[in-house]
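Novice: If it helps, the file is called final_6.txt and holds compact mmCIF, C-alpha atoms:
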# COMPACT_ATOMS: atom_id res chain seq x y z
CA MET D 24 -48.88 24.88 -31.00
CA ASN D 25 -47.77 26.65 -34.17
CA THR D 26 -44.16 27.58 -34.89
CA ILE D 27 -44.28 31.24 -33.86
CA LYS D 28 -45.91 30.36 -30.53
CA VAL D 29 -43.18 27.79 -29.90
CA VAL D 30 -40.52 30.44 -30.56
CA PHE D 31 -42.10 32.83 -28.09
CA ALA D 32 -42.51 30.07 -25.51
CA ASP D 33 -38.81 29.22 -25.84
CA LEU D 34 -37.91 32.91 -25.65
CA ALA D 35 -39.87 33.23 -22.42
CA THR D 36 -38.10 30.21 -20.90
CA LEU D 37 -34.61 31.37 -21.87
CA SER D 38 -35.37 34.92 -20.74
CA LEU D 39 -36.44 33.59 -17.34
CA LEU D 40 -33.20 31.62 -17.07
CA LEU D 41 -31.11 34.70 -17.93
CA LEU D 42 -33.00 36.76 -15.35
CA ILE D 43 -32.42 34.09 -12.69
CA GLY D 44 -28.77 33.99 -13.68
CA MET D 45 -28.55 37.77 -13.33
CA ILE D 46 -30.05 37.64 -9.84
CA ILE D 47 -27.66 34.85 -8.80
CA ARG D 48 -24.68 36.81 -10.16
CA LYS D 49 -25.73 39.89 -8.20
CA LYS D 50 -26.51 38.13 -4.90
CA VAL D 51 -24.01 35.25 -4.60
CA LYS D 52 -20.53 36.46 -3.63
CA CYS D 53 -18.61 33.37 -4.75
CA ILE D 54 -20.22 33.60 -8.19
CA GLN D 55 -19.23 37.28 -8.36
CA ASN D 56 -15.64 36.50 -7.43
CA LEU D 57 -15.49 33.92 -10.23
CA TYR D 58 -16.99 36.39 -12.75
CA LEU D 59 -19.16 33.66 -14.23
CA PRO D 60 -21.23 35.02 -17.15
CA VAL D 61 -24.99 35.22 -16.62
CA SER D 62 -25.63 33.09 -19.70
CA LEU D 63 -23.50 30.32 -18.19
CA ILE D 64 -25.27 30.54 -14.82
CA GLY D 65 -28.71 30.60 -16.44
CA GLY D 66 -27.81 27.63 -18.63
CA PHE D 67 -26.80 25.52 -15.64
CA VAL D 68 -30.01 26.52 -13.83
CA GLY D 69 -31.93 25.31 -16.88
CA LEU D 70 -29.97 22.04 -16.95
CA LEU D 71 -30.61 21.50 -13.23
CA LEU D 72 -34.33 22.32 -13.43
CA GLY D 73 -34.87 20.64 -16.79
CA PRO D 74 -36.08 17.14 -17.68
CA GLN D 75 -32.63 15.54 -17.45
CA ILE D 76 -32.10 16.21 -13.71
CA LEU D 77 -35.15 17.59 -11.86
CA GLY D 78 -37.55 15.91 -14.27
CA HIS D 79 -35.75 12.58 -13.87
CA PHE D 80 -36.01 12.59 -10.08
CA ALA D 81 -39.20 14.59 -9.42
CA GLY D 82 -41.29 13.98 -12.50
CA VAL D 83 -41.79 17.74 -13.03
CA SER D 84 -39.37 20.12 -14.67
CA LEU D 85 -38.89 23.42 -16.43
CA PRO D 86 -40.49 23.20 -19.88
CA LEU D 87 -37.35 22.85 -21.99
CA GLY D 88 -38.90 21.60 -25.19
CA LYS D 89 -36.97 19.96 -28.00
CA THR D 90 -36.97 23.23 -29.91
CA ILE D 91 -34.71 25.03 -27.40
CA SER D 92 -31.90 22.64 -28.32
CA GLN D 93 -32.21 23.96 -31.89
CA TRP D 94 -31.57 27.57 -30.89
CA PRO D 95 -27.75 27.36 -30.80
CA GLY D 96 -27.62 26.02 -34.34
CA ILE D 97 -29.65 28.99 -35.59
CA LEU D 98 -28.12 31.71 -33.42
CA VAL D 99 -24.57 30.78 -34.37
CA ASN D 100 -25.35 31.99 -37.89
CA VAL D 101 -26.25 35.39 -36.44
CA VAL D 102 -23.15 35.55 -34.22
CA LEU D 103 -20.69 34.56 -36.93
CA GLY D 104 -22.58 36.17 -39.79
CA LEU D 105 -22.07 39.58 -38.17
CA SER D 106 -18.34 39.05 -37.56
CA PHE D 107 -17.22 41.15 -40.53
CA PHE D 108 -20.35 43.21 -41.15
CA GLY D 109 -19.58 46.90 -40.78
CA THR D 110 -16.08 46.37 -39.41
CA GLN D 111 -13.26 48.69 -40.37
CA SER D 112 -10.12 47.13 -41.79
CA SER D 113 -7.37 47.19 -39.19
CA LYS D 114 -4.28 49.17 -40.11
CA ASN D 115 -2.49 48.27 -36.90
CA PHE D 116 0.06 45.64 -37.83
CA GLY D 117 2.69 46.75 -35.36
CA ARG D 118 4.83 44.55 -33.17
CA ILE D 119 2.16 44.24 -30.46
CA ALA D 120 -0.48 42.97 -32.88
CA LEU D 121 1.86 40.67 -34.80
CA SER D 122 3.35 39.08 -31.68
CA ALA D 123 -0.17 38.52 -30.30
CA VAL D 124 -1.29 36.90 -33.56
CA ASN D 125 1.84 34.71 -33.65
CA GLN D 126 1.31 33.63 -30.05
CA GLY D 127 -2.38 32.94 -30.75
CA GLY D 128 -1.42 30.80 -33.74
CA LEU D 129 0.92 28.72 -31.60
CA VAL D 130 -1.76 28.17 -28.97
CA HIS D 131 -4.40 27.30 -31.58
CA GLN D 132 -2.16 24.74 -33.28
CA THR D 133 -1.12 23.30 -29.92
CA GLN D 134 -4.78 22.72 -29.06
CA VAL D 135 -5.30 21.03 -32.44
CA CYS D 136 -2.23 18.80 -32.15
CA VAL D 137 -2.88 17.81 -28.52
CA GLY D 138 -6.54 17.08 -29.24
CA LEU D 139 -5.79 14.93 -32.29
CA GLY D 140 -2.81 13.21 -30.66
CA LEU D 141 -4.71 12.25 -27.50
CA THR D 142 -7.68 11.04 -29.54
CA MET D 143 -5.48 8.82 -31.70
CA LEU D 144 -4.12 7.25 -28.49
CA LEU D 145 -7.58 6.89 -26.94
CA MET D 146 -8.90 5.23 -30.11
CA HIS D 147 -6.82 2.16 -29.19
CA PHE D 148 -8.85 1.79 -25.99
CA PHE D 149 -12.18 3.13 -27.32
CA PRO D 150 -12.55 1.75 -30.89
CA ASN D 151 -15.81 3.62 -31.51
CA LEU D 152 -14.22 7.00 -30.78
CA PRO D 153 -14.05 8.97 -34.05
CA LEU D 154 -10.99 10.99 -35.06
CA ALA D 155 -13.27 14.04 -35.21
CA PHE D 156 -13.37 13.91 -31.40
CA GLY D 157 -9.84 15.32 -31.51
CA LEU D 158 -11.01 18.55 -33.14
CA THR D 159 -13.66 19.34 -30.53
CA PRO D 160 -11.14 20.73 -27.98
CA VAL D 161 -10.00 23.52 -30.31
CA TYR D 162 -13.60 24.19 -31.31
CA GLY D 163 -14.56 24.55 -27.65
CA PHE D 164 -11.50 26.15 -26.06
CA HIS D 165 -10.28 28.44 -28.85
CA GLY D 166 -13.63 28.91 -30.52
CA GLY D 167 -16.13 29.04 -27.65
CA HIS D 168 -19.79 28.06 -27.83
CA GLY D 169 -20.39 29.87 -31.12
CA THR D 170 -17.72 27.96 -33.02
CA ALA D 171 -18.47 24.75 -31.12
CA ASN D 172 -22.11 24.85 -32.23
CA ALA D 173 -21.19 25.65 -35.81
CA ALA D 174 -18.54 22.95 -36.07
CA GLY D 175 -20.64 20.54 -34.00
CA ALA D 176 -23.52 20.84 -36.44
CA ALA D 177 -21.06 20.13 -39.27
CA LEU D 178 -19.82 17.05 -37.40
CA VAL D 179 -23.41 15.79 -37.19
CA GLU D 180 -23.83 16.36 -40.93
CA ALA D 181 -20.55 14.54 -41.57
CA GLY D 182 -21.84 11.46 -39.79
CA TRP D 183 -21.19 11.78 -36.05
CA PRO D 184 -24.56 12.29 -34.28
CA ASP D 185 -22.93 13.11 -30.94
CA GLY D 186 -20.54 15.70 -32.37
CA LEU D 187 -22.62 18.72 -31.40
CA ALA D 188 -23.10 17.61 -27.79
CA VAL D 189 -19.39 16.80 -27.38
CA ALA D 190 -18.30 20.13 -28.89
CA ASN D 191 -20.69 21.99 -26.60
CA THR D 192 -19.31 20.11 -23.60
CA MET D 193 -15.78 21.12 -24.60
CA ALA D 194 -16.86 24.75 -24.95
CA THR D 195 -18.47 24.72 -21.51
CA ALA D 196 -15.36 23.17 -19.96
CA GLY D 197 -13.18 25.75 -21.71
CA LEU D 198 -15.27 28.69 -20.53
CA ILE D 199 -15.47 27.52 -16.92
CA SER D 200 -11.79 26.59 -16.72
CA GLY D 201 -10.79 29.84 -18.38
CA ILE D 202 -12.57 31.90 -15.75
CA VAL D 203 -11.88 29.76 -12.65
CA VAL D 204 -8.26 28.89 -13.44
CA GLY D 205 -7.74 32.40 -14.78
CA MET D 206 -8.78 33.91 -11.45
CA ILE D 207 -6.45 31.55 -9.58
CA ILE D 208 -3.57 32.60 -11.82
CA ILE D 209 -4.44 36.27 -11.35
CA ASN D 210 -4.33 35.90 -7.56
CA ILE D 211 -0.91 34.23 -7.79
CA GLY D 212 0.42 36.74 -10.33
CA VAL D 213 -0.77 39.78 -8.40
CA ARG D 214 0.81 38.50 -5.18
CA ARG D 215 4.09 37.99 -7.03
CA GLY D 216 3.98 41.51 -8.44
CA TYR D 217 3.48 40.61 -12.11
CA ALA D 218 0.46 42.92 -12.50
CA GLN D 219 1.25 46.61 -12.93
CA LYS D 220 -2.12 48.25 -12.28
CA VAL D 221 -3.56 46.43 -9.26
CA SER D 222 -2.04 45.36 -5.96
CA LYS D 223 -4.81 42.84 -5.22
CA PRO D 224 -7.80 41.49 -7.21
CA GLN D 225 -10.14 42.94 -4.60
CA ASP D 226 -9.38 46.35 -6.13
CA VAL D 227 -11.99 45.56 -8.80
CA PRO D 228 -15.16 47.66 -8.19
CA VAL D 229 -18.21 45.88 -6.76
CA ASP D 230 -20.44 46.87 -9.71
CA ILE D 231 -18.14 45.02 -12.12
CA LYS D 232 -18.34 41.92 -9.95
CA GLU D 233 -22.12 42.13 -9.70
CA GLY D 234 -22.47 42.77 -13.43
CA ILE D 235 -24.87 45.72 -13.10
CA VAL D 236 -23.71 49.12 -14.37
CA PRO D 237 -24.63 51.94 -11.95
CA VAL D 238 -27.06 54.52 -13.34
CA GLU D 239 -24.45 57.29 -13.42
CA LYS D 240 -22.01 55.14 -15.43
CA ARG D 241 -24.40 53.88 -18.10
CA ASN D 242 -23.62 54.64 -21.74
CA PRO D 243 -25.65 54.27 -24.95
CA ILE D 244 -25.20 50.89 -26.58
CA GLY D 245 -25.54 52.26 -30.12
CA LYS D 246 -26.46 55.20 -32.31
CA GLY D 247 -29.70 56.00 -34.07
CA VAL D 248 -29.20 55.93 -37.84
CA THR D 249 -32.85 56.62 -38.63
CA TYR D 250 -35.57 58.75 -37.05
CA ASN D 251 -38.20 56.82 -35.12
CA ASP D 252 -41.08 58.19 -37.21
CA ALA D 253 -39.45 56.75 -40.33
CA LEU D 254 -38.03 53.46 -39.01
CA ASP D 255 -36.85 52.48 -35.57
CA PRO D 256 -33.01 52.51 -35.58
CA LEU D 257 -32.84 48.99 -34.16
CA ALA D 258 -35.25 47.73 -36.84
CA LEU D 259 -32.85 48.89 -39.57
CA GLN D 260 -29.92 47.01 -38.04
CA LEU D 261 -32.09 43.92 -37.56
CA ALA D 262 -33.12 44.21 -41.19
CA PHE D 263 -29.46 43.94 -42.17
CA VAL D 264 -29.21 40.80 -40.04
CA GLY D 265 -32.23 39.32 -41.80
CA ILE D 266 -30.79 40.15 -45.23
CA ILE D 267 -27.47 38.49 -44.33
CA LEU D 268 -29.24 35.31 -43.20
CA GLY D 269 -31.38 35.31 -46.34
CA MET D 270 -28.32 35.75 -48.56
CA ALA D 271 -26.57 32.95 -46.67
CA SER D 272 -29.48 30.59 -47.21
CA ILE D 273 -29.54 31.32 -50.94
CA LEU D 274 -25.75 30.91 -51.20
CA SER D 275 -25.83 27.61 -49.32
CA ARG D 276 -28.51 26.17 -51.64
CA SER D 277 -26.70 27.49 -54.71
CA LEU D 278 -23.42 25.84 -53.71
CA SER D 279 -25.11 22.46 -53.36
CA TRP D 280 -26.46 22.87 -56.89
CA VAL D 281 -22.99 23.63 -58.26
CA HIS D 282 -21.44 20.48 -56.80
CA PRO D 283 -22.68 17.98 -54.19
CA LEU D 284 -19.40 18.26 -52.25
CA LEU D 285 -20.01 21.98 -51.68
CA LYS D 286 -23.09 21.02 -49.67
CA GLN D 287 -20.64 20.27 -46.84
CA ILE D 288 -19.83 23.99 -46.46
CA PRO D 289 -21.78 24.97 -43.34
CA LEU D 290 -24.42 27.70 -43.30
CA PHE D 291 -22.46 29.80 -40.81
CA ALA D 292 -19.57 30.03 -43.28
CA CYS D 293 -21.99 31.29 -45.93
CA ALA D 294 -23.32 33.80 -43.38
CA MET D 295 -19.80 35.11 -42.71
CA ILE D 296 -19.15 35.50 -46.42
CA CYS D 297 -22.49 37.22 -46.99
CA GLY D 298 -21.97 39.56 -44.03
CA ALA D 299 -18.65 40.71 -45.44
CA LEU D 300 -20.14 40.91 -48.97
CA LEU D 301 -23.14 43.01 -47.91
CA SER D 302 -20.81 45.31 -46.02
CA GLN D 303 -18.74 45.86 -49.17
CA ILE D 304 -21.85 46.36 -51.34
CA LEU D 305 -23.16 49.07 -48.99
CA LYS D 306 -19.73 50.68 -48.97
CA ARG D 307 -19.58 50.77 -52.79
CA LEU D 308 -23.07 52.28 -52.90
CA GLY D 309 -22.08 54.96 -50.40
CA LEU D 310 -24.43 53.51 -47.79
CA ALA D 311 -21.86 52.21 -45.28
CA ASP D 312 -22.90 54.93 -42.83
CA TYR D 313 -26.26 53.19 -42.52
CA ILE D 314 -24.50 50.45 -40.54
CA ASP D 315 -24.14 51.16 -36.83
CA ARG D 316 -21.41 48.76 -35.79
CA PRO D 317 -21.98 49.18 -32.02
CA THR D 318 -25.63 48.15 -32.44
CA ILE D 319 -24.62 45.26 -34.68
CA SER D 320 -22.17 44.13 -31.99
CA ARG D 321 -24.94 44.27 -29.39
CA ILE D 322 -27.21 42.13 -31.59
CA ALA D 323 -24.42 39.58 -31.94
CA GLY D 324 -23.88 39.73 -28.17
CA VAL D 325 -27.56 39.09 -27.46
CA ALA D 326 -27.52 36.13 -29.85
CA LEU D 327 -24.41 34.74 -28.14
CA ASP D 328 -25.93 35.03 -24.66
CA PHE D 329 -29.08 33.19 -25.72
CA LEU D 330 -26.92 30.68 -27.60
CA VAL D 331 -24.78 29.86 -24.55
CA CYS D 332 -27.78 29.66 -22.23
CA SER D 333 -29.75 27.35 -24.53
CA ALA D 334 -26.70 25.20 -25.33
CA ILE D 335 -25.83 24.56 -21.68
CA ALA D 336 -29.46 24.08 -20.60
CA THR D 337 -29.81 21.31 -23.18
CA LEU D 338 -26.39 19.65 -22.76
CA SER D 339 -26.82 15.92 -23.22
CA LEU D 340 -25.89 14.12 -20.01
CA LYS D 341 -26.28 10.80 -21.84
CA VAL D 342 -23.60 11.81 -24.33
CA PHE D 343 -21.35 12.95 -21.48
CA ALA D 344 -21.78 9.57 -19.78
CA LEU D 345 -21.09 7.76 -23.07
CA TYR D 346 -17.81 9.62 -23.66
CA MET D 347 -17.01 10.34 -20.01
CA ILE D 348 -13.47 8.91 -19.82
CA PRO D 349 -12.22 10.35 -23.15
CA LEU D 350 -13.86 13.68 -22.28
CA LEU D 351 -12.26 13.86 -18.84
CA VAL D 352 -8.83 12.84 -20.16
CA VAL D 353 -8.89 15.39 -22.98
CA ILE D 354 -10.46 18.22 -20.95
CA ILE D 355 -8.00 17.88 -18.07
CA SER D 356 -5.07 17.63 -20.47
CA MET D 357 -6.31 20.62 -22.44
CA ILE D 358 -6.69 22.77 -19.31
CA VAL D 359 -3.10 22.03 -18.26
CA ILE D 360 -1.66 22.49 -21.75
CA ASN D 361 -3.67 25.67 -22.31
CA VAL D 362 -2.23 27.29 -19.20
CA TRP D 363 1.32 26.20 -19.94
CA VAL D 364 1.44 27.12 -23.63
CA ASN D 365 -0.23 30.52 -23.20
CA PHE D 366 2.05 31.62 -20.39
CA TYR D 367 5.21 30.09 -21.79
CA PHE D 368 4.90 31.74 -25.19
CA GLY D 369 3.44 34.92 -23.70
CA TYR D 370 6.41 35.32 -21.37
CA LYS D 371 8.95 34.50 -24.07
CA MET D 372 7.34 36.63 -26.83
CA PHE D 373 5.68 39.72 -25.36
CA ASP D 374 8.02 42.70 -24.96
CA GLU D 375 5.95 44.67 -22.44
CA ASP D 376 2.89 44.09 -20.24
CA TRP D 377 3.53 40.37 -20.56
CA PHE D 378 1.27 39.37 -17.67
CA GLU D 379 -1.69 41.52 -18.75
CA ARG D 380 -1.33 40.48 -22.38
CA THR D 381 -1.03 36.81 -21.46
CA MET D 382 -4.12 36.95 -19.24
CA GLY D 383 -6.08 38.37 -22.17
CA ALA D 384 -4.68 35.69 -24.47
CA TYR D 385 -5.45 32.91 -21.99
CA GLY D 386 -9.07 34.03 -21.65
CA LEU D 387 -9.38 34.32 -25.42
CA GLU D 388 -8.01 30.80 -25.92
CA SER D 389 -10.41 29.44 -23.29
CA GLY D 390 -13.62 30.65 -24.87
CA VAL D 391 -14.14 34.03 -26.46
CA LEU D 392 -12.66 37.52 -26.54
CA ALA D 393 -15.11 38.59 -23.83
CA THR D 394 -13.52 36.09 -21.42
CA GLY D 395 -10.08 37.47 -22.19
CA LEU D 396 -11.21 41.05 -21.68
CA MET D 397 -12.94 40.09 -18.44
CA LEU D 398 -9.73 38.60 -17.02
CA LEU D 399 -7.77 41.55 -18.34
CA ARG D 400 -10.14 43.97 -16.61
CA VAL D 401 -9.31 42.36 -13.25
CA VAL D 402 -5.57 43.11 -13.64
CA ASP D 403 -5.98 46.23 -15.77
CA PRO D 404 -9.31 47.84 -14.76
CA LYS D 405 -8.95 50.92 -16.99
CA PHE D 406 -7.29 49.11 -19.92
CA GLU D 407 -4.17 51.23 -19.54
CA THR D 408 -1.76 48.54 -20.75
CA THR D 409 -1.43 47.05 -24.24
CA GLY D 410 -3.46 44.01 -23.15
CA GLN D 411 -6.70 45.05 -24.85
CA GLU D 412 -4.99 45.85 -28.15
CA SER D 413 -3.13 42.55 -27.99
CA ALA D 414 -6.20 40.39 -27.31
CA ALA D 415 -8.33 42.20 -29.90
CA SER D 416 -5.64 41.81 -32.56
CA SER D 417 -5.29 38.09 -31.92
CA ALA D 418 -9.07 37.59 -32.04
CA ALA D 419 -9.52 39.62 -35.23
CA LEU D 420 -6.62 38.17 -37.23
CA CYS D 421 -6.81 34.47 -36.35
CA TYR D 422 -9.34 33.54 -39.04
CA PRO D 423 -6.88 32.52 -41.84
CA TRP D 424 -5.87 29.38 -39.93
CA SER D 425 -8.80 28.84 -37.56
CA LEU D 426 -11.65 29.03 -40.07
CA PRO D 427 -10.41 26.19 -42.33
CA TYR D 428 -10.45 23.86 -39.32
CA VAL D 429 -14.06 24.82 -38.61
CA MET D 430 -15.27 24.82 -42.21
CA PHE D 431 -13.48 21.76 -43.55
CA GLY D 432 -12.16 19.95 -40.47
CA PRO D 433 -15.39 18.01 -39.73
CA MET D 434 -15.49 16.67 -43.28
CA LEU D 435 -11.75 15.93 -43.52
CA ALA D 436 -11.75 14.10 -40.18
CA PHE D 437 -13.87 11.40 -41.82
CA MET D 438 -11.89 11.38 -45.07
CA LEU D 439 -8.22 11.54 -44.06
CA PRO D 440 -6.08 9.31 -41.84
CA GLY D 441 -5.31 10.78 -38.44
CA TRP D 442 -1.56 10.97 -39.03
CA ILE D 443 -2.09 13.24 -42.06
CA MET D 444 -4.26 15.70 -40.13
CA LEU D 445 -1.91 15.64 -37.15
CA GLY D 446 1.19 15.97 -39.35
CA GLY D 447 -0.23 18.89 -41.32
CA SER D 448 -1.27 20.64 -38.13
CA PHE D 449 2.18 20.15 -36.61
CA VAL D 450 3.83 21.61 -39.71
CA LEU D 451 1.76 24.77 -39.28
CA TRP D 452 2.74 24.83 -35.58
CA LEU D 453 6.39 24.71 -36.65
CA VAL D 454 5.85 27.68 -38.99
CA PHE D 455 4.47 29.75 -36.12
CA TYR D 456 7.29 28.60 -33.83
CA ILE D 457 10.00 29.54 -36.34
CA LEU D 458 8.44 32.99 -36.81
CA ALA D 459 8.24 33.44 -33.05
CA ARG D 460 11.91 32.51 -32.55
CA LYS D 461 13.04 34.78 -35.35
CA PHE D 462 11.06 37.94 -34.61
CA PHE D 463 9.70 37.95 -31.03
CA TRP D 464 11.78 35.65 -28.83
CA HIS D 465 13.39 36.70 -25.54
CA PRO D 466 16.04 34.01 -24.88
CA GLU D 467 17.20 35.77 -21.72
CA ARG D 468 13.86 35.08 -20.00
CA ASN D 469 13.67 31.83 -18.05
CA PHE D 470 10.16 30.49 -17.77
CA SER D 471 11.14 28.65 -14.59
CA ASP D 472 11.33 32.07 -12.91
CA VAL D 473 7.61 32.48 -13.52
CA VAL D 474 6.73 28.92 -12.52
CA PHE D 475 8.61 29.10 -9.21
CA GLY D 476 8.07 32.80 -8.57
CA LYS D 477 11.71 33.85 -8.60
Would you put the structure from the file into structure tokens?

Specialist:
Amino acid sequence: MNTIKVVFADLATLSLLLLIGMIIRKKVKCIQNLYLPVSLIGGFVGLLLGPQILGHFAGVSLPLGKTISQWPGILVNVVLGLSFFGTQSSKNFGRIALSAVNQGGLVHQTQVCVGLGLTMLLMHFFPNLPLAFGLTPVYGFHGGHGTANAAGAALVEAGWPDGLAVANTMATAGLISGIVVGMIIINIGVRRGYAQKVSKPQDVPVDIKEGIVPVEKRNPIGKGVTYNDALDPLALQLAFVGIILGMASILSRSLSWVHPLLKQIPLFACAMICGALLSQILKRLGLADYIDRPTISRIAGVALDFLVCSAIATLSLKVFALYMIPLLVVIISMIVINVWVNFYFGYKMFDEDWFERTMGAYGLESGVLATGLMLLRVVDPKFETTGQESAASSAALCYPWSLPYVMFGPMLAFMLPGWIMLGGSFVLWLVFYILARKFFWHPERNFSDVVFGK
């Protein structure tokens, strides 16, 4: 079978899994109440019906060829390459945005420090455990499947063959825990009166739970920049995507020619740079209006859904079994720490709408912005609080400290001693903590009041 036929065969398989996931989301009440994304459901259906489980016991399975496992590594370049393409520079640097960014920085660095610290302890009991294992929690929880696949591929290149599978496992654990634990917290918070806009989670409309927008509520997902008889509007936006990926490929090869060390810079980083560069070039040429950002966002969203579905469907159960104890120790610890640090700093730092803003932040730090907005929608269905602005600001402005960990962390984890990486990360945590205490702290608030519901 030639390459293009393989691609279409994989597309058919993943599309079937997404459709099955959509049907399950619509029909199964407990799945609706957990707000599990269709891509996650479809991925688990693929894992269950694939060669690792059904195929192992029954001898027949869904045709998940080896090529489907390669999809996440390609699609992550689309997802991240479009991050800055066509975006408008944010001029909102008010107290809400800055406090959200500061809180997000504290959570990010906490995940880094806890991950590295636990790994350094576990290395005494599991000598073959690499230090890079300690970076996978922040890749999975803070970064989500997109970042986990990008950084995981870099870990493989740096010399850890299981890095991609472990990072994907962390991302899956982060996403599931973010939604499930998030819903538990929402139920507790609503009963205690922390939420301002809902009296009970059941207030959320049925269509939002099912995931299908009613006909009368449907809105266009983008705007047509070109006339159909000239060029289909979607084709133009896809052409931009293709140009960004082509530029990224050229840049990646060029960097390796400049210096062998620059070969370690991952392709997704080149894609992000090229996306921002192409955006600026079009702006300078007076062609920025040719970019339809809503359509670009939808393309990135499609890529992310297929990425998550393919990543989960091809999760390596052998790798999970190999690292089972370290994975369970770190994942459980990370879930507990993630809840505590988000709500502690959210309560102490956010002036208003602390519960709504913290729910958005918790979802964001357990996967992606979409998870945060999903949890926020449960407690703030019409986005009437400052929660959406807060979560969006934290997601948009976290790159100065999160990207270096993704771009250079995999390489440095095999070059530097653990205490240097942990020490440097803790110093950055202290910087965020000092800024929080100086500009956003509420010393009169006792976190024990939240813990014990006083």

Novice: Just the residues within 8 Å of Ser448 (chain D), please, counting only C-alpha atoms, with nothing from its chain fewer than 3 positions along; format it as a list in words.

Specialist: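 After dropping sequence-adjacent residues, the list is Gln132, Val135, Cys136, Met444, Leu445, Leu451 and Trp452 of chain D.
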
Novice: Which residues are close to Leu420 (chain D), i.e. within 10 Å by only C-alpha atoms, leaving aside same-chain residues fewer than 3 positions away? Reply as a list in words.

Specialist: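 My reading of the contact set: Ser113, Ala120, Leu121, Ala123, Val124, Asn125, Gly127, Gly128, Ala415, Ser416, Ser417, Pro423, Trp424 and Ser425 of chain D.
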
Novice: Kindly indicate which residue among D:Ala253, D:Leu141, D:Ala459, D:Leu261 lies nearest to Met372 (chain D), using only C-alpha atoms for the distances.

Specialist: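 Among D:Ala253, D:Leu141, D:Ala459, D:Leu261, it is D:Ala459 that comes nearest to Met372 (chain D).
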
Novice: Using all atoms listed in the file, which of the listed residues (D:Thr36, D:Asn191, D:Thr142, D:Asn365) sits closest to Gln126 (chain D)?

Specialist: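 Smallest distance to Gln126 (chain D) is found for D:Asn365.
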
Novice: Can you work out which one of D:Val391, D:Ala344, D:Ala35, D:Ala311 has the shortest atom-to-atom distance to Phe108 (chain D), counting only C-alpha atoms?

Specialist: D:Ala311

Novice: What's around region 229-235 of chain D at 6 Å? Count all atoms listed in the file, leave out sequence neighbours fewer than 6 positions away in its own chain, and write the answer as number ranges by chain.

Specialist: D: 48-49, 55

Novice: Please produce, as a tab-separated table, a per-residue contact table for region 128-218 of chain D versus region 314-330 of chain D (criterion: any atom at most 9 Å away, all atoms listed in the file considered), showing the nearest atom pair and its distance in Å to one decimal, sorted by chain then residue number.

Specialist:
residue	atom	partner	partner_atom	distance
D:His168	CA	D:Leu330	CA	7.6
D:Gly169	CA	D:Leu327	CA	7.0
D:Asn172	CA	D:Leu330	CA	8.9

Novice: Keeping C-alpha atoms, export the residues of the selection given above as a tab-separated table (two decimals), keeping the file's coordinate frame.

Specialist:
chain	number	residue	atom	x	y	z
D	168	HIS	CA	-19.79	28.06	-27.83
D	169	GLY	CA	-20.39	29.87	-31.12
D	172	ASN	CA	-22.11	24.85	-32.23

Novice: One number please: CA of Arg380 (chain D) to CA of Tyr422 (chain D), in Å, one decimal.

Specialist: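 Rounded to one decimal, the two atoms are 19.7 Å apart.
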
Novice: Using CA of Gln134 (chain D) and CA of Val189 (chain D) as the two end points, give the distance in Å to one decimal.

Specialist: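 Interatomic distance, CA of Gln134 (chain D) to CA of Val189 (chain D): 15.9 Å.
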
Novice: With only C-alpha atoms as the basis for distance, which of D:Gly205, D:Gly182, D:Gly117, D:Gly104 is at the shortest distance from Gly390 (chain D)?

Specialist: D:Gly205

Novice: Ranking D:Phe455, D:Tyr58, D:Phe67, D:Phe431 by minimum distance to Ile288 (chain D) and counting all atoms listed in the file, which one comes first?

Specialist: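 That would be D:Phe431, the residue with the smallest distance to Ile288 (chain D).
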
Novice: Quick one: everything within 12 Å of Ile207 (chain D), counting all atoms listed in the file, minus sequence neighbours fewer than 2 positions away in the same chain. Send it as a list in words.

Specialist: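 My list of contacting residues is Asn56, Leu57, Ser200, Gly201, Ile202, Val203, Val204, Gly205, Ile209, Asn210, Ile211, Gly212, Val213, Arg214, Pro224, Val362, Met382, Leu398 and Val401 of chain D.
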
Novice: Would you be able to write out as a VMD selection string which residues have an atom within 12 Å of (-31.9, 30.6, -33.4) in the file's coordinates, counting only C-alpha atoms?

Specialist: chain D and resid 30 to 31 33 to 34 37 90 to 102 169 172 268 323 325 to 334

Novice: What is the CA of Asn361 (chain D)-CA of Met193 (chain D) distance in Å, reported with one decimal?

Specialist: 13.1 Å

Novice: Check which residues of region 133-182 of chain D sit at most 8 Å from region 436-443 of chain D using only C-alpha atoms, and return one row each with the closest pair of atoms and their distance in Å to one decimal, ordered by chain and rising number, as JSON lines.

Specialist:
{"residue": "D:Leu139", "atom": "CA", "partner": "D:Gly441", "partner_atom": "CA", "distance": 7.4}
{"residue": "D:Met143", "atom": "CA", "partner": "D:Gly441", "partner_atom": "CA", "distance": 7.0}
{"residue": "D:Leu154", "atom": "CA", "partner": "D:Ala436", "partner_atom": "CA", "distance": 6.0}
{"residue": "D:Ala155", "atom": "CA", "partner": "D:Ala436", "partner_atom": "CA", "distance": 5.2}
{"residue": "D:Ala181", "atom": "CA", "partner": "D:Phe437", "partner_atom": "CA", "distance": 7.4}

Novice: Can you work out which one of D:Gly197, D:Leu152, D:Ser279, D:Glu379 has the shortest atom-to-atom distance to Leu63 (chain D), counting all atoms listed in the file?

Specialist: D:Gly197

Novice: Would you pick out the contacts of Asp312 (chain D) at 12 Å or less, using only C-alpha atoms, so that residues sharing its chain but fewer than 3 positions from it are not included, and give the list as a list in words?

Specialist: Gly109, Thr110, Gln111, Lys246, Gly247, Val248, Thr249, Gln260, Ser302, Gln303, Leu305, Lys306, Arg307, Leu308, Gly309, Asp315 and Arg316 of chain D
